[in-house]
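Novice: Quick one, query.pdb (PDB, C-alpha atoms):
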```pdb
ATOM      1  CA  MET H   1     -59.488  57.654 -37.726
ATOM      2  CA  SER H   2     -59.222  56.262 -41.243
ATOM      3  CA  THR H   3     -56.121  54.620 -42.661
ATOM      4  CA  GLU H   4     -55.916  57.373 -45.249
ATOM      5  CA  THR H   5     -55.921  60.105 -42.574
ATOM      6  CA  ILE H   6     -53.206  58.339 -40.601
ATOM      7  CA  SER H   7     -51.099  57.871 -43.687
ATOM      8  CA  ARG H   8     -51.484  61.555 -44.619
ATOM      9  CA  SER H   9     -50.537  62.728 -41.121
ATOM     10  CA  GLU H  10     -47.465  60.450 -41.164
ATOM     11  CA  SER H  11     -46.398  62.007 -44.461
ATOM     12  CA  ILE H  12     -46.807  65.511 -43.052
ATOM     13  CA  ASP H  13     -44.848  64.508 -39.952
ATOM     14  CA  ARG H  14     -42.011  63.112 -42.106
ATOM     15  CA  LEU H  15     -41.945  66.263 -44.222
ATOM     16  CA  ALA H  16     -41.803  68.448 -41.139
ATOM     17  CA  ARG H  17     -38.994  66.446 -39.519
ATOM     18  CA  GLU H  18     -36.823  66.027 -42.593
ATOM     19  CA  PRO H  19     -35.275  69.533 -42.590
ATOM     20  CA  LEU H  20     -34.573  69.257 -38.865
ATOM     21  CA  ARG H  21     -32.819  65.923 -39.358
ATOM     22  CA  ALA H  22     -30.808  67.317 -42.263
ATOM     23  CA  LEU H  23     -29.788  70.316 -40.174
ATOM     24  CA  ARG H  24     -28.769  68.115 -37.255
ATOM     25  CA  ASP H  25     -26.606  65.997 -39.578
ATOM     26  CA  SER H  26     -25.051  69.073 -41.165
ATOM     27  CA  ILE H  27     -21.815  70.744 -40.117
ATOM     28  CA  LEU H  28     -23.867  73.067 -37.898
ATOM     29  CA  GLY H  29     -25.722  70.291 -36.134
ATOM     30  CA  ASN H  30     -25.184  68.267 -32.971
ATOM     31  CA  GLN H  31     -25.125  64.778 -34.483
ATOM     32  CA  PRO H  32     -21.326  64.272 -34.172
ATOM     33  CA  THR H  33     -21.570  65.158 -30.473
ATOM     34  CA  LEU H  34     -24.479  62.775 -29.986
ATOM     35  CA  ASP H  35     -22.471  60.018 -31.689
ATOM     36  CA  ASP H  36     -19.562  60.749 -29.348
ATOM     37  CA  LEU H  37     -21.932  60.596 -26.372
ATOM     38  CA  ALA H  38     -23.098  57.124 -27.380
ATOM     39  CA  GLU H  39     -19.488  55.983 -27.745
ATOM     40  CA  ILE H  40     -18.545  57.258 -24.274
ATOM     41  CA  TRP H  41     -21.551  55.621 -22.701
ATOM     42  CA  GLU H  42     -20.433  52.286 -24.142
ATOM     43  CA  GLU H  43     -17.055  52.793 -22.475
ATOM     44  CA  CYS H  44     -18.447  53.938 -19.117
ATOM     45  CA  ARG H  45     -21.472  51.758 -18.480
ATOM     46  CA  THR H  46     -19.606  49.322 -16.234
ATOM     47  CA  ALA H  47     -18.094  50.131 -12.829
ATOM     48  CA  GLY H  48     -14.393  50.958 -12.681
ATOM     49  CA  TRP H  49     -14.287  52.323 -16.242
ATOM     50  CA  ASP H  50     -11.692  54.965 -15.242
ATOM     51  CA  GLY H  51      -9.219  52.402 -13.981
ATOM     52  CA  TYR H  52      -9.978  53.422 -10.406
ATOM     53  CA  GLN H  53     -13.360  52.981  -8.699
ATOM     54  CA  ALA H  54     -15.746  54.902 -10.919
ATOM     55  CA  LEU H  55     -19.456  54.251 -10.765
ATOM     56  CA  PRO H  56     -21.153  53.216 -14.009
ATOM     57  CA  VAL H  57     -22.912  55.828 -16.113
ATOM     58  CA  GLU H  58     -26.600  54.976 -15.898
ATOM     59  CA  GLN H  59     -28.987  55.000 -18.838
ATOM     60  CA  ASP H  60     -30.981  57.855 -17.262
ATOM     61  CA  THR H  61     -27.843  59.984 -17.215
ATOM     62  CA  LEU H  62     -27.227  59.194 -20.872
ATOM     63  CA  ARG H  63     -30.796  60.189 -21.665
ATOM     64  CA  ALA H  64     -30.451  63.471 -19.767
ATOM     65  CA  ALA H  65     -27.199  64.344 -21.540
ATOM     66  CA  TYR H  66     -28.716  63.436 -24.916
ATOM     67  CA  THR H  67     -31.708  65.704 -24.304
ATOM     68  CA  LEU H  68     -29.460  68.562 -23.252
ATOM     69  CA  ILE H  69     -27.147  68.284 -26.277
ATOM     70  CA  ASP H  70     -30.061  67.819 -28.640
ATOM     71  CA  SER H  71     -31.671  71.017 -27.383
ATOM     72  CA  LEU H  72     -28.554  73.151 -27.902
ATOM     73  CA  PRO H  73     -29.287  75.798 -30.532
ATOM     74  CA  ILE H  74     -28.182  74.845 -34.040
ATOM     75  CA  GLY H  75     -24.794  76.354 -34.806
ATOM     76  CA  PHE H  76     -23.902  76.783 -31.130
ATOM     77  CA  PRO H  77     -20.374  75.674 -30.127
ATOM     78  CA  ARG H  78     -20.262  71.921 -29.593
ATOM     79  CA  PRO H  79     -18.993  70.524 -26.292
ATOM     80  CA  SER H  80     -16.542  67.691 -25.904
ATOM     81  CA  ILE H  81     -17.926  64.801 -23.883
ATOM     82  CA  GLY H  82     -16.419  63.152 -20.823
ATOM     83  CA  ALA H  83     -17.376  61.289 -17.675
ATOM     84  CA  GLU H  84     -16.675  61.601 -13.987
ATOM     85  CA  PRO H  85     -16.012  58.896 -11.395
ATOM     86  CA  ASP H  86     -19.421  59.436  -9.756
ATOM     87  CA  GLY H  87     -21.109  58.278 -12.968
ATOM     88  CA  GLN H  88     -22.066  61.710 -14.297
ATOM     89  CA  LEU H  89     -21.424  62.689 -17.897
ATOM     90  CA  THR H  90     -19.630  65.942 -18.628
ATOM     91  CA  LEU H  91     -19.828  68.517 -21.394
ATOM     92  CA  GLU H  92     -16.851  70.804 -21.858
ATOM     93  CA  TRP H  93     -16.570  74.028 -23.843
ATOM     94  CA  ARG H  94     -13.007  75.310 -24.132
ATOM     95  CA  LYS H  95     -11.712  78.336 -25.993
ATOM     96  CA  ALA H  96      -8.309  78.594 -24.326
ATOM     97  CA  PRO H  97      -6.589  77.041 -21.307
ATOM     98  CA  ARG H  98      -8.115  79.664 -19.012
ATOM     99  CA  ARG H  99     -11.427  79.965 -20.834
ATOM    100  CA  VAL H 100     -13.162  76.700 -20.121
ATOM    101  CA  LEU H 101     -16.561  75.584 -18.853
ATOM    102  CA  ASN H 102     -17.221  72.056 -17.627
ATOM    103  CA  VAL H 103     -20.781  70.902 -16.879
ATOM    104  CA  SER H 104     -21.765  67.628 -15.177
ATOM    105  CA  VAL H 105     -25.099  66.110 -16.117
ATOM    106  CA  ASP H 106     -26.853  63.862 -13.642
ATOM    107  CA  SER H 107     -29.969  61.778 -14.008
ATOM    108  CA  ASP H 108     -32.106  64.022 -11.775
ATOM    109  CA  GLY H 109     -32.032  67.159 -13.910
ATOM    110  CA  TYR H 110     -29.165  68.930 -12.171
ATOM    111  CA  LEU H 111     -26.251  70.533 -13.977
ATOM    112  CA  HIS H 112     -23.176  71.156 -11.826
ATOM    113  CA  TYR H 113     -20.722  73.473 -13.500
ATOM    114  CA  ALA H 114     -17.322  75.054 -12.976
ATOM    115  CA  GLY H 115     -15.650  77.464 -15.319
ATOM    116  CA  LEU H 116     -12.692  79.742 -15.771
ATOM    117  CA  PHE H 117     -13.390  82.975 -17.629
ATOM    118  CA  GLY H 118      -9.916  84.438 -17.826
ATOM    119  CA  THR H 119      -9.104  85.516 -14.282
ATOM    120  CA  ASN H 120     -12.684  85.001 -13.054
ATOM    121  CA  LYS H 121     -14.109  81.713 -11.913
ATOM    122  CA  ARG H 122     -17.727  80.672 -11.596
ATOM    123  CA  TYR H 123     -19.311  77.500 -10.300
ATOM    124  CA  GLY H 124     -22.730  76.361  -9.203
ATOM    125  CA  THR H 125     -25.752  74.219  -9.982
ATOM    126  CA  LEU H 126     -28.559  74.725 -12.496
ATOM    127  CA  THR H 127     -31.718  72.731 -13.009
ATOM    128  CA  TYR H 128     -33.195  71.750 -16.306
ATOM    129  CA  PHE H 129     -36.045  69.684 -17.661
ATOM    130  CA  THR H 130     -36.221  69.416 -21.414
ATOM    131  CA  THR H 131     -34.375  72.429 -22.779
ATOM    132  CA  VAL H 132     -31.038  74.090 -22.112
ATOM    133  CA  PRO H 133     -31.338  76.679 -19.338
ATOM    134  CA  ASP H 134     -30.717  80.266 -20.478
ATOM    135  CA  GLU H 135     -28.096  80.638 -17.732
ATOM    136  CA  LEU H 136     -26.054  77.839 -19.314
ATOM    137  CA  LEU H 137     -26.255  79.422 -22.777
ATOM    138  CA  GLN H 138     -25.058  82.689 -21.258
ATOM    139  CA  LEU H 139     -22.106  80.956 -19.552
ATOM    140  CA  ILE H 140     -21.086  79.470 -22.894
ATOM    141  CA  ARG H 141     -21.383  82.852 -24.604
ATOM    142  CA  ASP H 142     -19.251  84.427 -21.870
ATOM    143  CA  LEU H 143     -16.289  82.148 -22.575
TER     144      LEU H 143
ATOM    145  CA  MET N   1      11.282  54.746  -4.513
ATOM    146  CA  LEU N   2      11.163  55.884  -0.878
ATOM    147  CA  ASP N   3      12.309  53.618   1.914
ATOM    148  CA  PRO N   4       8.993  52.290   3.322
ATOM    149  CA  ASN N   5      10.382  52.616   6.846
ATOM    150  CA  GLN N   6      11.344  56.247   6.448
ATOM    151  CA  VAL N   7       8.625  58.023   4.537
ATOM    152  CA  PRO N   8       8.890  61.798   4.957
ATOM    153  CA  PRO N   9       5.838  64.077   4.931
ATOM    154  CA  VAL N  10       4.900  65.660   1.611
ATOM    155  CA  VAL N  11       6.449  69.102   1.113
ATOM    156  CA  PRO N  12       4.979  71.866  -1.104
ATOM    157  CA  GLU N  13       7.910  71.793  -3.565
ATOM    158  CA  GLU N  14       7.628  68.138  -4.560
ATOM    159  CA  TYR N  15       5.899  66.754  -7.626
ATOM    160  CA  LEU N  16       3.054  64.258  -7.647
ATOM    161  CA  ALA N  17       1.633  62.090 -10.420
ATOM    162  CA  ARG N  18      -1.950  61.123 -11.160
ATOM    163  CA  PHE N  19      -1.987  58.176 -13.536
ATOM    164  CA  VAL N  20      -4.357  58.683 -16.455
ATOM    165  CA  LEU N  21      -6.171  55.445 -17.271
ATOM    166  CA  PHE N  22      -9.087  56.768 -19.320
ATOM    167  CA  SER N  23      -8.729  58.289 -22.770
ATOM    168  CA  ARG N  24     -11.257  61.070 -22.132
ATOM    169  CA  HIS N  25      -9.366  62.454 -19.140
ATOM    170  CA  PHE N  26      -6.817  64.241 -21.296
ATOM    171  CA  ARG N  27      -6.916  66.147 -24.574
ATOM    172  CA  SER N  28      -4.783  64.403 -27.134
ATOM    173  CA  SER N  29      -4.985  67.519 -29.351
ATOM    174  CA  ASP N  30      -2.647  69.474 -27.082
ATOM    175  CA  ASN N  31      -1.729  66.967 -24.333
ATOM    176  CA  THR N  32      -3.526  68.795 -21.539
ATOM    177  CA  VAL N  33      -5.387  67.292 -18.612
ATOM    178  CA  LYS N  34      -9.146  67.556 -18.088
ATOM    179  CA  LEU N  35     -10.578  68.255 -14.667
ATOM    180  CA  GLU N  36     -12.241  64.830 -14.598
ATOM    181  CA  ALA N  37      -8.818  63.255 -13.968
ATOM    182  CA  PHE N  38      -8.637  65.041 -10.618
ATOM    183  CA  MET N  39     -12.177  64.441  -9.344
ATOM    184  CA  PRO N  40     -12.125  62.560  -6.022
ATOM    185  CA  HIS N  41     -15.278  60.442  -6.093
ATOM    186  CA  PRO N  42     -16.271  57.874  -4.873
ATOM    187  CA  LEU N  43     -13.787  58.316  -2.026
ATOM    188  CA  ILE N  44     -13.418  61.861  -0.812
ATOM    189  CA  GLU N  45      -9.716  61.537  -1.489
ATOM    190  CA  LEU N  46      -7.568  61.268  -4.558
ATOM    191  CA  SER N  47      -4.691  58.822  -5.033
ATOM    192  CA  LEU N  48      -1.371  60.161  -6.299
ATOM    193  CA  THR N  49       2.216  58.941  -6.484
ATOM    194  CA  ARG N  50       5.091  61.075  -5.253
ATOM    195  CA  HIS N  51       8.041  61.646  -7.571
ATOM    196  CA  VAL N  52      10.498  61.957  -4.701
ATOM    197  CA  GLU N  53      13.228  59.283  -4.801
ATOM    198  CA  ALA N  54      11.536  57.569  -7.748
ATOM    199  CA  THR N  55      13.263  57.057 -11.061
ATOM    200  CA  ARG N  56      11.334  57.733 -14.258
ATOM    201  CA  GLU N  57      11.141  53.976 -14.862
ATOM    202  CA  GLU N  58       9.762  53.332 -11.367
ATOM    203  CA  LEU N  59       7.017  55.918 -11.900
ATOM    204  CA  TRP N  60       5.962  54.318 -15.187
ATOM    205  CA  GLN N  61       6.118  50.862 -13.606
ATOM    206  CA  GLU N  62       3.782  52.011 -10.842
ATOM    207  CA  GLY N  63       1.329  53.407 -13.387
ATOM    208  CA  GLN N  64       1.508  50.142 -15.275
ATOM    209  CA  ARG N  65       0.889  48.189 -12.053
ATOM    210  CA  VAL N  66      -2.220  50.270 -11.252
ATOM    211  CA  ALA N  67      -3.501  49.898 -14.819
ATOM    212  CA  GLY N  68      -2.822  46.154 -14.759
ATOM    213  CA  LEU N  69      -4.801  45.711 -11.536
ATOM    214  CA  ARG N  70      -7.835  47.277 -13.200
ATOM    215  CA  LYS N  71      -7.273  45.903 -16.679
ATOM    216  CA  ALA N  72      -7.112  49.505 -17.872
ATOM    217  CA  THR N  73      -4.939  51.225 -20.459
ATOM    218  CA  HIS N  74      -2.156  53.410 -19.105
ATOM    219  CA  TYR N  75      -2.166  56.586 -21.221
ATOM    220  CA  GLY N  76       0.230  58.678 -19.179
ATOM    221  CA  ARG N  77       0.354  60.723 -16.044
ATOM    222  CA  ALA N  78      -0.643  64.190 -14.921
ATOM    223  CA  ASP N  79       2.190  65.782 -12.953
ATOM    224  CA  VAL N  80       1.417  68.543 -10.503
ATOM    225  CA  MET N  81       3.347  70.320  -7.776
ATOM    226  CA  SER N  82       2.095  69.736  -4.268
ATOM    227  CA  LEU N  83       1.976  73.505  -3.713
ATOM    228  CA  ILE N  84      -0.794  73.853  -6.331
ATOM    229  CA  ILE N  85      -2.975  71.408  -4.423
ATOM    230  CA  ILE N  86      -2.278  73.080  -1.079
ATOM    231  CA  GLU N  87      -3.042  76.517  -2.528
ATOM    232  CA  ALA N  88      -6.380  75.130  -3.727
ATOM    233  CA  GLY N  89      -7.235  74.519  -0.062
ATOM    234  CA  LEU N  90      -6.576  70.759   0.059
ATOM    235  CA  ASP N  91      -4.090  68.630   1.971
ATOM    236  CA  VAL N  92      -1.598  66.120   0.637
ATOM    237  CA  GLU N  93      -0.742  63.270   2.971
ATOM    238  CA  ALA N  94       1.888  60.587   2.569
ATOM    239  CA  LYS N  95      -0.050  57.287   2.562
ATOM    240  CA  PRO N  96       2.448  54.548   1.718
ATOM    241  CA  ILE N  97       0.963  51.199   0.746
ATOM    242  CA  LEU N  98       2.716  47.866   0.501
ATOM    243  CA  GLU N  99       3.169  48.050  -3.272
ATOM    244  CA  ASN N 100       3.917  51.763  -3.416
ATOM    245  CA  PRO N 101       5.797  53.578  -0.624
ATOM    246  CA  ASN N 102       5.374  56.791  -2.644
ATOM    247  CA  HIS N 103       1.593  56.688  -2.494
ATOM    248  CA  ALA N 104      -0.149  59.864  -1.287
ATOM    249  CA  ASP N 105      -3.741  60.994  -0.821
ATOM    250  CA  VAL N 106      -5.268  64.384  -1.469
ATOM    251  CA  THR N 107      -7.829  65.073   1.259
ATOM    252  CA  GLY N 108      -9.942  67.947   2.524
ATOM    253  CA  TRP N 109     -12.268  68.123  -0.467
ATOM    254  CA  PRO N 110     -15.497  70.101  -0.045
ATOM    255  CA  SER N 111     -18.596  67.921  -0.126
ATOM    256  CA  ASP N 112     -20.517  69.809  -2.819
ATOM    257  CA  LYS N 113     -19.949  68.878  -6.427
ATOM    258  CA  PRO N 114     -19.549  72.335  -8.048
ATOM    259  CA  ALA N 115     -16.854  73.310  -5.526
ATOM    260  CA  GLN N 116     -15.056  69.997  -6.152
ATOM    261  CA  LYS N 117     -15.162  70.676  -9.894
ATOM    262  CA  MET N 118     -13.785  74.182  -9.482
ATOM    263  CA  ILE N 119     -10.819  72.902  -7.470
ATOM    264  CA  ALA N 120     -10.201  70.010  -9.861
ATOM    265  CA  LEU N 121     -10.250  72.481 -12.779
ATOM    266  CA  GLU N 122      -7.698  74.755 -11.124
ATOM    267  CA  ILE N 123      -5.413  71.814 -10.442
ATOM    268  CA  ALA N 124      -5.879  70.371 -13.933
ATOM    269  CA  ILE N 125      -4.896  73.561 -15.781
ATOM    270  CA  LYS N 126      -1.698  73.776 -13.708
ATOM    271  CA  SER N 127      -0.776  70.126 -14.216
ATOM    272  CA  LYS N 128       1.249  68.719 -17.054
ATOM    273  CA  PHE N 129       0.279  65.647 -19.037
ATOM    274  CA  VAL N 130       3.184  63.311 -19.736
ATOM    275  CA  PRO N 131       2.228  60.617 -22.269
ATOM    276  CA  LYS N 132       3.456  57.110 -21.562
ATOM    277  CA  PRO N 133       6.494  56.370 -23.713
ATOM    278  CA  THR N 134       5.732  53.935 -26.498
TER     279      THR N 134
END
```
As a first step, turn the structure in this file into structure tokens.

Specialist:
Amino acid sequence: MSTETISRSESIDRLAREPLRALRDSILGNQPTLDDLAEIWEECRTAGWDGYQALPVEQDTLRAAYTLIDSLPIGFPRPSIGAEPDGQLTLEWRKAPRRVLNVSVDSDGYLHYAGLFGTNKRYGTLTYFTTVPDELLQLIRDL
Amino acid sequence: MLDPNQVPPVVPEEYLARFVLFSRHFRSSDNTVKLEAFMPHPLIELSLTRHVEATREELWQEGQRVAGLRKATHYGRADVMSLIIIEAGLDVEAKPILENPNHADVTGWPSDKPAQKMIALEIAIKSKFVPKPT
């Protein structure tokens, strides 16, 4: 492939990605949540980060959480980020004290969730690979 | 604090404290507790401190001692009535230790993660976050 062809394809790639990047950085995008995720990982990457006996949050877990957040639809409610003593990262959506969904992300592609939907409660495990499972989007909508 | 030689069993009406040593385990926006503060891992038990016979100062001192041991920041404590934990299907056992005769453990957790989260969420929404006095 010639240098000119490569250069042209790089320009096209940049042009195609630019709007996506702008959208992600906008008020509708997920960038603030991704920044928060990076900050939490810094705090939780060594054992005992919770003041008790928490396991460190591994890089693979960070990567999995990043992928999940990044694939949330633009304009969708943003979660707040947390971490659990077993080294899993958590995403929480909360509308009211009794309307809350908390999802744990592990490094193996499992999402363990528990939620209160008014007087109803739901909990279970979902699997995911590179995009947010439809079941999770529905749980968030149901809040 | 309780007399270490005469520690009574935990009763449903008494209050227990979970010291909060991580900033993301409570919501500073409305001073509520997140479920993560009540998750039991890596032990399948959860350490708490009983309020019974403890002055307010003694409770804060104990939180400070725990935080000091781990070089952590003591943000406050999550107070919850023992009855809430029992109603969630768990047990609360008096487990005095040398430094803290008021120490208790919450046991009987299910082994699967989603069920643990559901219980921790139910406890968290019924607990009260008390920020450490400045």

Novice: Find the residue from N:Leu90, N:Pro114, N:Pro96, N:Thr107 that sits nearest to N:Asn5; use only C-alpha atoms when measuring.

Specialist: N:Pro96

Novice: To verify the selection step, state as a list in words which residues the PyMOL selection byres ((chain N and resi 20-28) around 8) yields on this input.

Specialist: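 Given this file, the PyMOL selection byres ((chain N and resi 20-28) around 8) evaluates to Trp49, Asp50, Gly51, Ile81, Gly82 and Ala83 of chain H; Arg18, Phe19, Ser29, Asp30, Asn31, Thr32, Val33, Lys34, Leu35, Glu36, Ala37, Ala67, Ala72, Thr73, His74, Tyr75, Gly76, Arg77, Ala78 and Phe129 of chain N.
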
Novice: Restricting the calculation to all atoms listed in the file, which member of N:Pro12, N:Pro42, N:Pro133, N:Gly108 is positioned closest to N:Leu59?

Specialist: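 For N:Leu59, the nearest of the candidates is N:Pro133.
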
Novice: What are the residues of chain H lining chain N at 7 Å or less? Count all atoms listed in the file, and put the answer as an MDAnalysis selection string.

Specialist: chainID H and resid 50:51 53:54 82:86 97 112:115 123:125

Novice: Between atom CA of N:Ser127 and atom CA of N:Leu83, what is the distance in Å, rounded to a tenth?

Specialist: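 Interatomic distance here is 11.4 Å.
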
Novice: Report the residues retrieved by the PyMOL selection byres ((chain H and resi 31-36) around 8) from the displayed file, expressed as a list in words.

Specialist: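 Those residues are Arg24, Asp25, Ser26, Gly29, Asn30, Leu37, Ala38, Glu39, Ile40, Tyr66, Ile69, Asp70, Arg78, Pro79, Ser80 and Ile81 of chain H.
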
Novice: Expanded to explicit residues, what is the PyMOL selection byres ((chain N and resi 104) around 6) for this file, as a list in words?

Specialist: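 That selection, the PyMOL selection byres ((chain N and resi 104) around 6), comes back as Ser47, Leu48, Thr49, Glu93, Ala94, Lys95, His103 and Asp105 of chain N.
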
Novice: One number please: atom CA of H:Ala64 to atom CA of H:Leu139, in Å, one decimal.

Specialist: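 So the answer is 19.4 Å.
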
Novice: Which value, in Å to one decimal, gives the distance between atom CA of N:Glu45 and atom CA of N:Gly63?

Specialist: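 That distance, rounded to one decimal, is 18.2 Å.
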
Novice: Please rebuild stretch 37-46 of chain H with all heavy atoms and give the result as a tab-separated table (two decimals), keeping the file's coordinate frame.

Specialist:
```tsv
chain	number	residue	atom	x	y	z
H	37	LEU	N	-21.28	60.91	-27.65
H	37	LEU	CA	-21.93	60.60	-26.37
H	37	LEU	C	-22.23	59.09	-26.29
H	37	LEU	O	-21.97	58.45	-25.26
H	37	LEU	CB	-23.22	61.41	-26.26
H	37	LEU	CG	-24.08	61.19	-25.02
H	37	LEU	CD1	-23.39	61.76	-23.79
H	37	LEU	CD2	-25.45	61.85	-25.18
H	38	ALA	N	-22.76	58.55	-27.37
H	38	ALA	CA	-23.10	57.12	-27.38
H	38	ALA	C	-21.84	56.28	-27.21
H	38	ALA	O	-21.84	55.27	-26.48
H	38	ALA	CB	-23.79	56.78	-28.69
H	39	GLU	N	-20.75	56.72	-27.84
H	39	GLU	CA	-19.49	55.98	-27.74
H	39	GLU	C	-18.96	55.98	-26.30
H	39	GLU	O	-18.53	54.97	-25.77
H	39	GLU	CB	-18.48	56.67	-28.68
H	39	GLU	CG	-17.25	55.83	-28.98
H	39	GLU	CD	-16.32	56.57	-29.92
H	39	GLU	OE1	-16.78	56.95	-31.02
H	39	GLU	OE2	-15.17	56.80	-29.53
H	40	ILE	N	-19.03	57.15	-25.66
H	40	ILE	CA	-18.55	57.26	-24.27
H	40	ILE	C	-19.39	56.41	-23.34
H	40	ILE	O	-18.87	55.76	-22.44
H	40	ILE	CB	-18.56	58.73	-23.81
H	40	ILE	CG1	-17.47	59.47	-24.56
H	40	ILE	CG2	-18.37	58.84	-22.31
H	40	ILE	CD1	-16.93	60.65	-23.87
H	41	TRP	N	-20.69	56.41	-23.58
H	41	TRP	CA	-21.55	55.62	-22.70
H	41	TRP	C	-21.18	54.14	-22.79
H	41	TRP	O	-21.15	53.44	-21.78
H	41	TRP	CB	-23.03	55.84	-23.05
H	41	TRP	CG	-23.91	55.12	-22.09
H	41	TRP	CD1	-24.05	55.38	-20.75
H	41	TRP	CD2	-24.75	54.00	-22.36
H	41	TRP	NE1	-24.93	54.50	-20.18
H	41	TRP	CE2	-25.38	53.64	-21.15
H	41	TRP	CE3	-25.04	53.28	-23.51
H	41	TRP	CZ2	-26.27	52.59	-21.05
H	41	TRP	CZ3	-25.94	52.23	-23.41
H	41	TRP	CH2	-26.54	51.89	-22.20
H	42	GLU	N	-20.86	53.68	-23.98
H	42	GLU	CA	-20.43	52.29	-24.14
H	42	GLU	C	-19.20	52.00	-23.28
H	42	GLU	O	-19.08	50.93	-22.69
H	42	GLU	CB	-20.10	52.00	-25.61
H	42	GLU	CG	-21.30	51.67	-26.48
H	42	GLU	CD	-22.05	50.43	-26.00
H	42	GLU	OE1	-21.42	49.47	-25.54
H	42	GLU	OE2	-23.29	50.45	-26.09
H	43	GLU	N	-18.30	52.98	-23.23
H	43	GLU	CA	-17.06	52.79	-22.48
H	43	GLU	C	-17.27	52.89	-20.96
H	43	GLU	O	-16.47	52.35	-20.20
H	43	GLU	CB	-16.03	53.87	-22.88
H	43	GLU	CG	-15.50	53.75	-24.29
H	43	GLU	CD	-14.58	54.92	-24.65
H	43	GLU	OE1	-13.77	55.32	-23.81
H	43	GLU	OE2	-14.71	55.43	-25.78
H	44	CYS	N	-18.30	53.60	-20.54
H	44	CYS	CA	-18.45	53.94	-19.12
H	44	CYS	C	-19.65	53.29	-18.44
H	44	CYS	O	-20.03	53.70	-17.35
H	44	CYS	CB	-18.56	55.45	-18.93
H	44	CYS	SG	-17.20	56.35	-19.62
H	45	ARG	N	-20.25	52.33	-19.07
H	45	ARG	CA	-21.47	51.76	-18.48
H	45	ARG	C	-21.20	50.65	-17.47
H	45	ARG	O	-22.12	50.11	-16.87
H	45	ARG	CB	-22.43	51.28	-19.57
H	45	ARG	CG	-21.81	50.32	-20.55
H	45	ARG	CD	-22.64	50.18	-21.78
H	45	ARG	NE	-23.84	49.42	-21.51
H	45	ARG	CZ	-24.58	48.82	-22.43
H	45	ARG	NH1	-24.26	48.92	-23.70
H	45	ARG	NH2	-25.63	48.13	-22.12
H	46	THR	N	-19.93	50.30	-17.28
H	46	THR	CA	-19.61	49.32	-16.23
H	46	THR	C	-18.71	49.97	-15.18
H	46	THR	O	-17.91	50.85	-15.50
H	46	THR	CB	-18.88	48.10	-16.81
H	46	THR	OG1	-17.80	48.55	-17.63
H	46	THR	CG2	-19.81	47.24	-17.66
```
